[in-house]
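Printed here is work-v9.tsv (TSV, C-alpha atoms and all ligand atoms):
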chain	number	residue	atom	x	y	z
J	35	MET	CA	22.57	4.90	3.59
J	36	ILE	CA	23.60	8.52	3.53
J	37	SER	CA	26.54	10.46	4.81
J	38	THR	CA	26.54	11.05	8.56
J	39	GLU	CA	29.24	13.70	8.45
J	40	LYS	CA	26.61	16.41	8.01
J	41	GLY	CA	23.18	16.54	9.55
J	42	LEU	CA	20.43	15.64	7.10
J	43	SER	CA	18.93	19.10	7.33
J	44	GLN	CA	22.18	20.58	5.96
J	45	LEU	CA	22.55	18.24	3.00
J	46	SER	CA	22.07	19.70	-0.45
J	47	ALA	CA	19.89	17.88	-2.94
J	48	ILE	CA	22.92	16.86	-4.97
J	49	GLU	CA	24.77	15.56	-1.90
J	50	PHE	CA	21.77	13.53	-0.86
J	51	LEU	CA	21.29	12.02	-4.31
J	52	SER	CA	24.97	11.22	-4.74
J	53	THR	CA	25.31	9.48	-1.36
J	54	TRP	CA	22.05	7.55	-1.37
J	55	THR	CA	22.05	3.77	-1.70
J	56	GLN	CA	19.17	1.30	-1.69
J	57	GLN	CA	18.11	0.38	1.86
J	58	SER	CA	16.78	-2.99	3.01
J	59	LEU	CA	13.19	-2.61	4.23
J	60	GLU	CA	13.69	-4.82	7.28
J	61	ALA	CA	17.27	-4.03	8.22
J	62	GLU	CA	17.77	-0.31	7.81
J	63	SER	CA	15.10	1.55	5.81
J	64	ARG	CA	14.34	5.09	6.89
J	65	SER	CA	11.88	7.59	5.50
J	66	PHE	CA	13.03	10.44	3.28
J	67	PRO	CA	14.75	13.49	4.79
J	68	GLY	CA	12.83	16.78	4.71
J	69	LEU	CA	14.60	18.11	1.65
J	70	MET	CA	12.83	15.47	-0.46
J	71	TYR	CA	9.55	17.26	0.32
J	72	SER	CA	10.73	20.85	0.13
J	73	ASN	CA	13.80	21.32	-2.04
J	74	PRO	CA	12.96	23.05	-5.38
J	75	GLU	CA	15.81	21.23	-7.17
J	76	ILE	CA	14.39	17.86	-6.12
J	77	TYR	CA	10.95	18.89	-7.37
J	78	GLN	CA	12.32	19.94	-10.75
J	79	LEU	CA	14.31	16.71	-11.05
J	80	GLU	CA	11.22	14.67	-10.18
J	81	GLN	CA	9.20	16.48	-12.81
J	82	ARG	CA	11.82	15.81	-15.47
J	83	LEU	CA	12.99	12.32	-14.51
J	84	ILE	CA	9.84	10.73	-13.05
J	85	PHE	CA	6.85	12.53	-14.57
J	86	GLY	CA	8.77	13.10	-17.80
J	87	LYS	CA	9.82	9.48	-18.20
J	88	SER	CA	7.21	7.11	-16.78
J	89	TRP	CA	3.61	6.25	-17.60
J	90	ILE	CA	1.45	8.92	-15.98
J	91	TYR	CA	-2.25	8.42	-15.31
J	92	VAL	CA	-4.16	11.39	-16.74
J	93	GLY	CA	-7.84	10.47	-16.83
J	94	HIS	CA	-10.74	8.14	-17.59
J	95	LEU	CA	-12.09	7.14	-21.01
J	96	ALA	CA	-15.48	8.60	-20.07
J	97	GLN	CA	-13.79	12.00	-20.54
J	98	LEU	CA	-13.29	11.15	-24.23
J	99	GLU	CA	-16.68	9.93	-25.36
J	100	GLY	CA	-17.44	10.51	-29.04
J	101	GLU	CA	-15.37	11.53	-32.05
J	102	GLY	CA	-13.31	14.65	-31.43
J	103	ALA	CA	-13.61	14.54	-27.65
J	104	PHE	CA	-10.53	16.05	-26.03
J	105	PHE	CA	-9.10	17.19	-22.73
J	106	THR	CA	-5.98	19.16	-21.88
J	107	VAL	CA	-3.63	18.25	-19.08
J	108	GLU	CA	-0.16	19.16	-17.81
J	109	VAL	CA	2.38	16.44	-17.19
J	110	ALA	CA	5.93	17.25	-16.09
J	111	GLN	CA	5.07	20.93	-16.59
J	112	GLN	CA	4.33	20.20	-20.25
J	113	PRO	CA	0.95	21.23	-21.73
J	114	LEU	CA	-0.68	18.24	-23.45
J	115	ILE	CA	-3.90	17.47	-25.27
J	116	VAL	CA	-5.48	14.02	-25.44
J	117	VAL	CA	-8.05	13.51	-28.20
J	118	ARG	CA	-10.24	10.77	-29.69
J	119	LYS	CA	-9.84	10.41	-33.44
J	120	SER	CA	-11.59	7.60	-35.36
J	121	GLY	CA	-11.97	5.56	-32.19
J	122	GLN	CA	-8.25	5.84	-31.35
J	123	LEU	CA	-6.61	8.00	-28.71
J	124	LYS	CA	-3.98	10.51	-29.75
J	125	ALA	CA	-1.90	12.76	-27.52
J	126	PHE	CA	0.10	15.82	-28.52
J	127	PHE	CA	1.90	18.68	-26.89
J	128	ASN	CA	-0.72	21.42	-26.67
J	129	VAL	CA	1.80	23.65	-28.38
J	130	CYS	CA	1.50	25.13	-31.84
J	131	PRO	CA	4.53	24.56	-34.11
J	132	HIS	CA	4.20	28.13	-35.38
J	133	ARG	CA	5.11	30.17	-32.28
J	134	GLY	CA	3.95	28.05	-29.36
J	135	GLY	CA	0.31	29.06	-29.01
J	136	PRO	CA	-2.24	26.83	-27.28
J	137	LEU	CA	-4.47	24.63	-29.44
J	138	ALA	CA	-7.15	24.00	-26.86
J	139	SER	CA	-8.18	24.77	-23.29
J	140	GLY	CA	-10.09	22.62	-20.82
J	141	CYS	CA	-12.12	19.91	-22.48
J	142	GLY	CA	-14.80	19.50	-25.13
J	143	HIS	CA	-15.37	18.24	-28.66
J	144	ALA	CA	-13.72	19.51	-31.84
J	145	ASN	CA	-13.53	18.62	-35.53
J	146	SER	CA	-10.08	20.12	-35.74
J	147	LEU	CA	-7.63	21.96	-33.49
J	148	THR	CA	-7.19	25.66	-34.16
J	149	CYS	CA	-4.40	27.58	-32.50
J	150	GLN	CA	-5.69	30.41	-30.32
J	151	TYR	CA	-2.84	32.72	-31.40
J	152	HIS	CA	-2.90	32.96	-35.25
J	153	ALA	CA	-5.41	30.24	-36.11
J	154	TRP	CA	-3.25	27.62	-37.75
J	155	THR	CA	-5.58	24.63	-37.95
J	156	PHE	CA	-4.69	20.97	-37.43
J	157	SER	CA	-6.60	17.75	-38.04
J	158	LEU	CA	-7.27	15.53	-35.02
J	159	ASP	CA	-4.30	13.40	-36.03
J	160	GLY	CA	-2.03	16.42	-35.72
J	161	GLN	CA	-1.49	17.34	-39.38
J	162	LEU	CA	-1.46	21.02	-40.35
J	163	ARG	CA	-4.43	21.68	-42.62
J	164	ALA	CA	-4.60	25.47	-42.88
J	165	ALA	CA	-2.36	28.44	-42.07
J	166	PRO	CA	-3.73	31.95	-42.78
J	167	GLU	CA	-1.73	34.07	-45.25
J	168	MET	CA	1.21	31.67	-45.29
J	169	ASP	CA	1.03	31.40	-49.11
J	170	SER	CA	3.61	34.19	-49.27
J	171	ALA	CA	6.15	32.16	-47.27
J	172	MET	CA	8.58	30.51	-49.68
J	173	ASN	CA	9.29	26.79	-49.23
J	174	PHE	CA	6.54	26.53	-46.63
J	175	ASN	CA	5.43	22.93	-46.53
J	176	ARG	CA	2.48	22.10	-44.31
J	177	ALA	CA	3.75	18.54	-43.84
J	178	ASP	CA	6.76	19.95	-41.95
J	179	HIS	CA	4.55	21.51	-39.28
J	180	ALA	CA	2.62	18.68	-37.65
J	181	LEU	CA	1.92	18.66	-33.91
J	182	THR	CA	4.43	16.80	-31.75
J	183	SER	CA	3.06	13.44	-30.56
J	184	VAL	CA	3.19	11.97	-27.08
J	185	ALA	CA	2.75	8.25	-26.28
J	186	VAL	CA	-0.75	7.43	-25.02
J	187	ASP	CA	-2.24	4.07	-24.02
J	188	THR	CA	-4.95	2.62	-21.82
J	189	TRP	CA	-5.46	-0.03	-19.17
J	190	GLY	CA	-9.21	-0.65	-19.30
J	191	PRO	CA	-10.75	2.83	-18.96
J	192	PHE	CA	-7.59	4.37	-17.46
J	193	ILE	CA	-5.64	6.68	-19.78
J	194	PHE	CA	-1.88	7.06	-19.46
J	195	VAL	CA	0.62	9.21	-21.32
J	196	ASN	CA	4.39	9.00	-21.49
J	197	LEU	CA	6.61	11.88	-22.62
J	198	ASP	CA	9.53	9.52	-23.17
J	199	LEU	CA	9.23	8.12	-26.68
J	200	HIS	CA	11.81	5.45	-25.78
J	201	ALA	CA	9.89	4.18	-22.75
J	202	ALA	CA	8.82	0.52	-22.53
J	203	PRO	CA	5.16	-0.02	-23.53
J	204	LEU	CA	2.46	0.51	-20.90
J	205	SER	CA	1.68	-3.23	-20.95
J	206	VAL	CA	5.23	-3.97	-19.79
J	207	TYR	CA	5.06	-1.28	-17.11
J	208	LEU	CA	1.76	-2.65	-15.74
J	209	GLY	CA	3.07	-6.21	-15.47
J	210	ASP	CA	0.38	-8.60	-14.19
J	211	LEU	CA	-2.08	-5.85	-13.14
J	212	PRO	CA	-4.53	-6.20	-16.07
J	213	THR	CA	-4.92	-9.98	-15.72
J	214	ARG	CA	-4.78	-9.98	-11.92
J	215	PHE	CA	-7.68	-7.53	-11.61
J	216	GLN	CA	-9.54	-8.43	-14.80
J	217	ARG	CA	-12.56	-9.72	-12.86
J	218	TYR	CA	-13.29	-6.20	-11.58
J	219	GLY	CA	-14.30	-5.26	-15.14
J	220	PHE	CA	-13.22	-1.63	-14.73
J	221	SER	CA	-14.51	-0.75	-18.21
J	222	ASP	CA	-18.03	-1.90	-17.30
J	223	LEU	CA	-18.31	0.38	-14.27
J	224	VAL	CA	-20.04	3.75	-14.55
J	225	ARG	CA	-18.00	6.87	-13.79
J	226	ALA	CA	-20.73	8.28	-11.58
J	227	HIS	CA	-18.93	11.13	-9.86
J	228	THR	CA	-15.62	12.97	-9.89
J	229	GLN	CA	-14.16	15.54	-7.53
J	230	ASP	CA	-10.93	17.51	-7.25
J	231	TYR	CA	-9.25	18.23	-3.92
J	232	TRP	CA	-6.33	20.59	-3.41
J	233	VAL	CA	-3.81	20.34	-0.63
J	234	ASP	CA	-0.68	22.35	0.21
J	235	VAL	CA	1.75	19.45	0.44
J	236	ASN	CA	4.39	17.83	-1.71
J	237	TRP	CA	2.89	15.16	-3.98
J	238	LYS	CA	4.82	12.38	-2.19
J	239	ILE	CA	3.04	13.15	1.10
J	240	CYS	CA	-0.15	12.19	-0.78
J	241	THR	CA	1.13	9.05	-2.46
J	242	GLU	CA	2.90	7.83	0.68
J	243	ILE	CA	-0.17	8.18	2.91
J	244	THR	CA	-2.07	6.10	0.35
J	245	ALA	CA	0.57	3.40	-0.02
J	246	GLU	CA	0.42	2.13	3.56
J	247	SER	CA	-2.15	0.72	5.97
J	248	TYR	CA	-0.21	1.79	9.08
J	249	HIS	CA	-2.27	4.97	9.59
J	250	GLU	CA	-5.67	3.49	8.83
J	251	PRO	CA	-6.72	2.37	12.34
J	252	PHE	CA	-5.82	5.82	13.70
J	253	VAL	CA	-6.65	8.35	10.98
J	254	HIS	CA	-9.60	6.47	9.46
J	255	GLN	CA	-11.22	4.84	12.47
J	256	GLU	CA	-14.52	6.65	11.77
J	257	THR	CA	-14.65	5.67	8.07
J	258	TRP	CA	-12.52	2.87	6.65
J	259	GLY	CA	-12.05	1.27	10.05
J	260	LYS	CA	-15.81	0.76	10.43
J	261	LEU	CA	-16.10	-1.31	7.25
J	262	TYR	CA	-12.82	-3.16	6.90
J	263	GLU	CA	-10.49	-5.17	9.10
J	264	CYS	CA	-7.56	-2.79	9.42
J	265	THR	CA	-5.62	-5.05	11.74
J	266	THR	CA	-5.61	-8.04	9.38
J	267	THR	CA	-4.81	-6.05	6.24
J	268	THR	CA	-2.06	-7.71	4.21
J	269	ALA	CA	0.16	-6.17	1.54
J	270	GLU	CA	2.84	-6.88	-1.01
J	271	THR	CA	4.99	-4.96	-3.46
J	272	ASN	CA	5.76	-5.60	-7.11
J	273	GLU	CA	8.09	-3.85	-9.52
J	274	PHE	CA	5.97	-0.71	-9.97
J	275	TYR	CA	2.99	-1.22	-7.71
J	276	TYR	CA	1.96	-1.77	-4.11
J	277	PHE	CA	-0.99	-4.02	-3.38
J	278	GLN	CA	-3.12	-4.14	-0.24
J	279	HIS	CA	-5.89	-6.54	0.79
J	280	ALA	CA	-8.38	-5.90	3.61
J	281	PRO	CA	-11.08	-8.39	4.64
J	282	ALA	CA	-14.56	-6.86	4.64
J	283	SER	CA	-16.49	-6.85	7.87
J	284	VAL	CA	-19.84	-6.18	6.19
J	285	SER	CA	-22.12	-8.56	4.29
J	286	LEU	CA	-23.16	-8.32	0.64
J	287	LYS	CA	-26.21	-10.48	1.15
J	288	GLU	CA	-28.71	-7.62	1.08
J	289	LEU	CA	-27.56	-6.21	-2.25
J	290	ASN	CA	-29.33	-6.51	-5.57
J	291	SER	CA	-27.34	-8.32	-8.25
J	292	ASP	CA	-26.66	-5.11	-10.22
J	293	GLU	CA	-25.24	-3.39	-7.12
J	294	TYR	CA	-22.03	-5.38	-6.98
J	295	ILE	CA	-19.48	-6.74	-9.43
J	296	GLN	CA	-20.75	-10.21	-10.14
J	297	THR	CA	-17.69	-11.44	-12.00
J	298	LEU	CA	-15.58	-11.42	-8.82
J	299	ASN	CA	-14.54	-14.70	-7.22
J	300	ALA	CA	-15.55	-15.72	-3.69
J	301	GLN	CA	-12.45	-14.24	-2.10
J	302	GLU	CA	-12.80	-10.91	-3.94
J	303	LEU	CA	-16.42	-10.65	-2.81
J	304	GLN	CA	-15.20	-10.59	0.80
J	305	CYS	CA	-12.61	-7.86	0.73
J	306	ALA	CA	-11.38	-4.48	-0.34
J	307	GLN	CA	-8.21	-4.36	-2.40
J	308	MET	CA	-5.98	-1.47	-3.35
J	309	ILE	CA	-3.35	-0.89	-5.99
J	310	CYS	CA	-0.91	2.03	-5.84
J	311	LEU	CA	0.80	2.25	-9.20
J	312	PHE	CA	3.92	4.40	-9.29
J	313	PRO	CA	3.93	7.32	-9.55
J	314	ASN	CA	0.41	8.76	-9.51
J	315	LEU	CA	-2.53	6.32	-9.61
J	316	THR	CA	-4.27	4.55	-6.74
J	317	VAL	CA	-7.26	2.27	-7.26
J	318	VAL	CA	-9.38	1.13	-4.31
J	319	MET	CA	-11.73	-1.75	-5.11
J	320	ASP	CA	-14.60	-3.33	-3.27
J	321	PRO	CA	-17.37	-5.54	-4.72
J	322	THR	CA	-19.59	-2.44	-4.88
J	323	TYR	CA	-17.20	0.21	-6.22
J	324	CYS	CA	-13.86	1.12	-7.65
J	325	ILE	CA	-12.41	4.48	-6.61
J	326	THR	CA	-9.44	6.00	-8.42
J	327	PHE	CA	-7.10	8.63	-7.03
J	328	LEU	CA	-5.03	10.72	-9.43
J	329	PHE	CA	-2.13	12.63	-7.85
J	330	ASP	CA	-1.16	15.70	-9.82
J	331	PRO	CA	1.80	17.78	-8.55
J	332	GLN	CA	1.10	21.49	-8.97
J	333	GLY	CA	4.33	22.77	-7.42
J	334	GLY	CA	6.72	21.65	-4.73
J	335	GLN	CA	4.15	22.06	-1.94
J	336	ARG	CA	0.86	21.94	-3.82
J	337	THR	CA	-1.00	18.87	-5.10
J	338	ARG	CA	-4.31	18.26	-6.84
J	339	LEU	CA	-6.04	14.98	-6.04
J	340	ARG	CA	-8.77	13.83	-8.38
J	341	ILE	CA	-11.11	11.10	-7.19
J	342	ASP	CA	-13.37	9.23	-9.62
J	343	TRP	CA	-16.20	7.09	-8.29
J	344	LEU	CA	-16.69	4.06	-10.61
J	345	VAL	CA	-19.67	1.91	-9.70
J	346	PRO	CA	-21.89	-0.91	-10.99
J	347	VAL	CA	-25.04	0.19	-12.86
J	348	GLY	CA	-27.28	-0.58	-9.89
J	349	VAL	CA	-25.33	1.79	-7.65
J	350	ALA	CA	-25.09	4.52	-10.32
J	351	SER	CA	-28.89	4.50	-10.71
J	352	ASN	CA	-29.60	4.55	-6.98
J	353	PRO	CA	-29.16	8.18	-5.81
J	354	GLN	CA	-29.14	7.33	-2.11
J	355	LYS	CA	-26.56	4.53	-2.39
J	356	LEU	CA	-24.40	6.63	-4.68
J	357	GLN	CA	-24.58	9.59	-2.33
J	358	ASN	CA	-23.62	7.39	0.62
J	359	LEU	CA	-20.58	6.14	-1.29
J	360	ILE	CA	-19.55	9.64	-2.36
J	361	GLN	CA	-19.91	10.81	1.22
J	362	PHE	CA	-17.90	7.89	2.56
J	363	PHE	CA	-14.85	8.63	0.39
J	364	ASP	CA	-15.25	12.39	0.81
J	365	ASP	CA	-15.13	11.89	4.59
J	366	LEU	CA	-12.16	9.54	4.26
J	367	MET	CA	-10.35	11.99	1.99
J	368	LYS	CA	-10.92	14.82	4.43
J	369	GLU	CA	-9.34	12.77	7.21
J	370	ASP	CA	-6.17	12.53	5.12
J	371	LEU	CA	-6.43	16.18	3.98
J	372	GLN	CA	-6.54	17.30	7.58
J	373	ILE	CA	-3.35	15.58	8.63
J	374	MET	CA	-1.27	15.96	5.44
J	375	PRO	CA	-0.36	19.68	5.85
J	376	LYS	CA	0.79	18.89	9.39
J	377	ILE	CA	3.01	16.11	8.02
J	378	GLN	CA	4.43	18.58	5.47
J	379	MET	CA	5.21	21.02	8.28
J	380	GLY	CA	6.70	18.17	10.30
J	381	VAL	CA	9.09	16.88	7.65
J	382	GLU	CA	10.27	20.45	6.98
J	383	SER	CA	10.91	21.06	10.69
J	384	GLN	CA	14.41	21.32	12.15
J	385	GLY	CA	13.24	18.75	14.65
J	386	TYR	CA	12.52	16.07	12.05
J	387	ARG	CA	14.84	13.10	11.59
J	388	PRO	CA	13.90	10.34	9.13
J	389	GLY	CA	12.47	7.44	11.11
J	390	ARG	CA	12.59	3.69	10.54
J	391	LEU	CA	9.83	2.22	8.36
J	392	CYS	CA	7.51	-0.53	9.63
J	393	PRO	CA	8.32	-3.59	7.45
J	394	SER	CA	4.84	-5.14	7.60
J	395	ARG	CA	2.90	-1.90	7.12
J	396	GLU	CA	5.06	0.54	5.17
J	397	MET	CA	6.46	-1.61	2.39
J	398	GLY	CA	4.57	0.58	-0.10
J	399	VAL	CA	6.31	3.69	1.21
J	400	HIS	CA	9.62	1.86	0.90
J	401	LEU	CA	8.80	0.83	-2.70
J	402	PHE	CA	7.73	4.35	-3.74
J	403	GLN	CA	10.73	6.03	-2.10
J	404	SER	CA	13.05	3.46	-3.71
J	405	LEU	CA	11.47	4.11	-7.12
J	406	VAL	CA	11.76	7.89	-6.68
J	407	MET	CA	15.46	7.48	-5.94
J	408	LYS	CA	15.94	5.00	-8.79
J	409	TYR	CA	14.56	7.54	-11.28
J	410	LEU	CA	16.39	10.51	-9.75
J	411	THR	CA	19.76	8.76	-9.69
J	412	ALA	CA	19.45	7.14	-13.13
J	413	ALA	CA	20.44	10.34	-14.94
O	1	LIG	S1	1.34	30.29	-32.54
O	1	LIG	FE1	-0.17	29.04	-33.39
O	1	LIG	S2	-0.76	29.98	-35.18
O	1	LIG	FE2	0.79	31.24	-34.42
O	2	FE	FE	-5.48	7.62	4.45

Written form, structure tokens:
Amino acid sequence: MISTEKGLSQLSAIEFLSTWTQQSLEAESRSFPGLMYSNPEIYQLEQRLIFGKSWIYVGHLAQLEGEGAFFTVEVAQQPLIVVRKSGQLKAFFNVCPHRGGPLASGCGHANSLTCQYHAWTFSLDGQLRAAPEMDSAMNFNRADHALTSVAVDTWGPFIFVNLDLHAAPLSVYLGDLPTRFQRYGFSDLVRAHTQDYWVDVNWKICTEITAESYHEPFVHQETWGKLYECTTTTAETNEFYYFQHAPASVSLKELNSDEYIQTLNAQELQCAQMICLFPNLTVVMDPTYCITFLFDPQGGQRTRLRIDWLVPVGVASNPQKLQNLIQFFDDLMKEDLQIMPKIQMGVESQGYRPGRLCPSREMGVHLFQSLVMKYLTAA
């Protein structure tokens, strides 16, 4: 609970953090106060203590096909580069150890990484190979000027990085996720489409709307609600992820065998499931697709959402079916995009007071808010 001596709207970030204690979901849990979605200090702390210390989803292995494939990304306001070298993934700060120049922009393929400022050149494993005119520098040893590494690992085709070199391995962080969802064969699905969406809200507005089924019958009645049983959706939380299960109300009988994931068991063939992994990956699975959502904070009130459409071969090669699936999630996304800025305005309003959470429907919000506070108060 938090101090009641001051109104929540008057609390500073430090006061809120120092008076916060874990709340029971059933007995007392309330949503975050507005400052958690608008205070610049909170945003900076989240960048440093959450995005700078946990496993952050950054992309799909299809973005790194072939030797020398790379992409750049920012995590916790740090410029990074992820590259494939001899079949292995490497990640470095995209920062030259000479005077901080960038080694790469965007994505592509490279045999080596050459700084855009004075052309120091590095091998794909980060070793300095050439430095123009540095022969005149006494005691200059190329081995002292390697790129700075960042931890990188994968779960199936999903690439994660961690800026904290002392963090527990990704396999520990994921817990039972890889075995629990092994039958979906994520690596065998084709990344058939990807799209970025931008929205002027705090990143937690995005992750929280994803980590609950409470809004689905109301916001998504024209999309999700037509295919799945919103009212009988069940959910559970684990250490770092929220899980949701929705029975399907449509039949798979008319599908060709290459249009759905055949390795699923009978129960999985009858439902949609969703994983929200703290802090920035959501995976929505159905027998005919797997959709990933990447949440990328771009400022206190600006977020990029990347959606990847992963589908069985038979869906990827069927333009009409693929287009229908793209359209379905684009429509669904737009339903959320329409309401999210209004939620941002609402939680910043003087009239907003944190409300009680619904125990059966908002346990994912409770988990994510608890994890945010755990990271922010661990310093
Ligand atoms: S900053 Fe990279 S070569 Fe100078
Ligand atoms: Fe939604």

Go through chain J and flag each residue having an atom no more than 10 Å from ligand LIG 1 (chain O); for those, report the closest pair of atoms plus their distance in Å to one decimal, using only C-alpha atoms and all ligand atoms, ordered by chain and rising number, as a Markdown table.
| residue | atom | partner | partner_atom | distance |
| --- | --- | --- | --- | --- |
| J:Val129 | CA | O:LIG1 | FE1 | 7.6 |
| J:Cys130 | CA | O:LIG1 | FE1 | 4.5 |
| J:Pro131 | CA | O:LIG1 | FE1 | 6.5 |
| J:His132 | CA | O:LIG1 | S1 | 4.6 |
| J:Arg133 | CA | O:LIG1 | S1 | 3.8 |
| J:Gly134 | CA | O:LIG1 | S1 | 4.7 |
| J:Gly135 | CA | O:LIG1 | S1 | 3.9 |
| J:Pro136 | CA | O:LIG1 | FE1 | 6.8 |
| J:Leu137 | CA | O:LIG1 | FE1 | 7.3 |
| J:Thr148 | CA | O:LIG1 | S2 | 7.8 |
| J:Cys149 | CA | O:LIG1 | FE1 | 4.6 |
| J:Gln150 | CA | O:LIG1 | FE1 | 6.5 |
| J:Tyr151 | CA | O:LIG1 | FE2 | 4.9 |
| J:His152 | CA | O:LIG1 | S2 | 3.7 |
| J:Ala153 | CA | O:LIG1 | S2 | 4.7 |
| J:Trp154 | CA | O:LIG1 | S2 | 4.3 |
| J:Thr155 | CA | O:LIG1 | S2 | 7.7 |
| J:Ala164 | CA | O:LIG1 | S2 | 9.7 |
| J:Ala165 | CA | O:LIG1 | S2 | 7.2 |
| J:Pro166 | CA | O:LIG1 | S2 | 8.4 |

Counting all atoms listed in the file, the residue of J:Leu83, J:Leu123, J:Ile341, J:Met407 that sits nearest Ala201 of chain J: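 Result for the nearest residue to Ala201 of chain J: J:Leu83.
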
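Nearest to ligand FE 2 (chain O) of all the residues J:Thr266, J:Gln307, J:Thr244, J:Thr337 is J:Thr244, counting all atoms listed in the file.
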
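From atom CA of Leu162 of chain J back to atom CA of Leu181 of chain J, the distance works out to 7.6 Å.
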
Surrounding residues as a PyMOL selection string, ligand FE 2 (chain O), max 8 Å, only C-alpha atoms and all ligand atoms: chain J and resi 243-244+247+249-250+253-254+366-367+369-370

Determine, using all atoms listed in the file, which residues of segment 264-322 of chain J have any atom at most 9 Å from an atom of segment 91-98 of chain J, and tabulate each with its shortest atom pair and distance in Å to one decimal place, rows ordered by chain and then rising number, as a tab-separated table.
residue	atom	partner	partner_atom	distance
J:Pro313	CA	J:Tyr91	CA	8.5
J:Asn314	CA	J:Tyr91	CA	6.4
J:Leu315	CA	J:Tyr91	CA	6.1

Could you turn the residues from that selection into a file that holds C-alpha atoms, as a CSV table (one decimal), in the coordinates of the input?
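Dumped to part33.csv:
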chain,number,residue,atom,x,y,z
J,313,PRO,CA,3.9,7.3,-9.6
J,314,ASN,CA,0.4,8.8,-9.5
J,315,LEU,CA,-2.5,6.3,-9.6

Select, from J:Thr228, J:Met308, J:Gln301, J:Ala280, the residue with the minimum atom-to-atom distance to Ile360 of chain J, counting only C-alpha atoms. J:Thr228

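The space separating atom CA of Gln161 of chain J from atom CA of Ala177 of chain J comes to 7.0 Å.
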
What is the distance between atom CA of Pro375 of chain J and atom CA of Glu80 of chain J, in Å to one decimal?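 It comes out at 20.4 Å.
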
Show me the residues around (1.1, 0.6, -6.7) - criterion: an atom at most 9 Å away, only C-alpha atoms counted - as a ChimeraX atom specification. /J:245,271-277,308-317,398,401-402

Can you build me a table of segment 278-391 of chain J residues sitting at most 12 Å from segment 255-259 of chain J, with the closest atom pair per residue and its distance in Å to one decimal, using all atoms listed in the file, sorted by chain and residue number, as a Markdown table?
| residue | atom | partner | partner_atom | distance |
| --- | --- | --- | --- | --- |
| J:Ala280 | CA | J:Trp258 | CA | 10.2 |
| J:Pro281 | CA | J:Gly259 | CA | 11.1 |
| J:Ala282 | CA | J:Gly259 | CA | 10.1 |
| J:Ser283 | CA | J:Gly259 | CA | 9.5 |
| J:Val284 | CA | J:Gly259 | CA | 11.4 |
| J:Ala306 | CA | J:Trp258 | CA | 10.2 |
| J:Val318 | CA | J:Trp258 | CA | 11.5 |
| J:Asp320 | CA | J:Trp258 | CA | 11.9 |
| J:Asn358 | CA | J:Thr257 | CA | 11.8 |
| J:Leu359 | CA | J:Thr257 | CA | 11.1 |
| J:Gln361 | CA | J:Thr257 | CA | 10.1 |
| J:Phe362 | CA | J:Thr257 | CA | 6.8 |
| J:Phe363 | CA | J:Thr257 | CA | 8.2 |
| J:Asp364 | CA | J:Thr257 | CA | 9.9 |
| J:Asp365 | CA | J:Thr257 | CA | 7.1 |
| J:Leu366 | CA | J:Thr257 | CA | 6.0 |
| J:Met367 | CA | J:Thr257 | CA | 9.8 |
| J:Lys368 | CA | J:Thr257 | CA | 10.5 |
| J:Glu369 | CA | J:Thr257 | CA | 8.9 |
| J:Asp370 | CA | J:Thr257 | CA | 11.3 |

Please, could you write that set of residues out with C-alpha atoms as a compact mmCIF listing (two decimals), in the coordinates of the input?
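Generated output (selection-v1.txt):
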# COMPACT_ATOMS: atom_id res chain seq x y z
CA ALA J 280 -8.38 -5.90 3.61
CA PRO J 281 -11.08 -8.39 4.64
CA ALA J 282 -14.56 -6.86 4.64
CA SER J 283 -16.49 -6.85 7.87
CA VAL J 284 -19.84 -6.18 6.19
CA ALA J 306 -11.38 -4.48 -0.34
CA VAL J 318 -9.38 1.13 -4.31
CA ASP J 320 -14.60 -3.33 -3.27
CA ASN J 358 -23.62 7.39 0.62
CA LEU J 359 -20.58 6.14 -1.29
CA GLN J 361 -19.91 10.81 1.22
CA PHE J 362 -17.90 7.89 2.56
CA PHE J 363 -14.85 8.63 0.39
CA ASP J 364 -15.25 12.39 0.81
CA ASP J 365 -15.13 11.89 4.59
CA LEU J 366 -12.16 9.54 4.26
CA MET J 367 -10.35 11.99 1.99
CA LYS J 368 -10.92 14.82 4.43
CA GLU J 369 -9.34 12.77 7.21
CA ASP J 370 -6.17 12.53 5.12

Among listed residues J:Ser205, J:Gln57, J:Gln111, J:Ser157, nearest Trp89 of chain J (using all atoms listed in the file):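 Closest to Trp89 of chain J, using all atoms listed in the file: J:Ser205.
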
Name all residues at most 12 Å from Glu62 of chain J (count all atoms listed in the file; drop same-chain ones fewer than 5 positions away) and give them as JSON, numbers by chain. {"J": [35, 36, 55, 56, 57, 388, 389, 390, 391, 392, 393, 400]}

Which polymer residues have any atom within 6 Å of an atom of Arg340 of chain J, counting all atoms listed in the file, with same-chain residues fewer than 5 positions away left out, as a VMD selection string? chain J and resid 229 to 230 327 to 328

Now that the selection is made, can you save its residues with C-alpha atoms as a PDB file, in the frame of the given file?
ATOM      1  CA  GLN J 229     -14.160  15.540  -7.530  1.00  0.00           C
ATOM      2  CA  ASP J 230     -10.930  17.510  -7.250  1.00  0.00           C
ATOM      3  CA  PHE J 327      -7.100   8.630  -7.030  1.00  0.00           C
ATOM      4  CA  LEU J 328      -5.030  10.720  -9.430  1.00  0.00           C
TER       5      LEU J 328
END
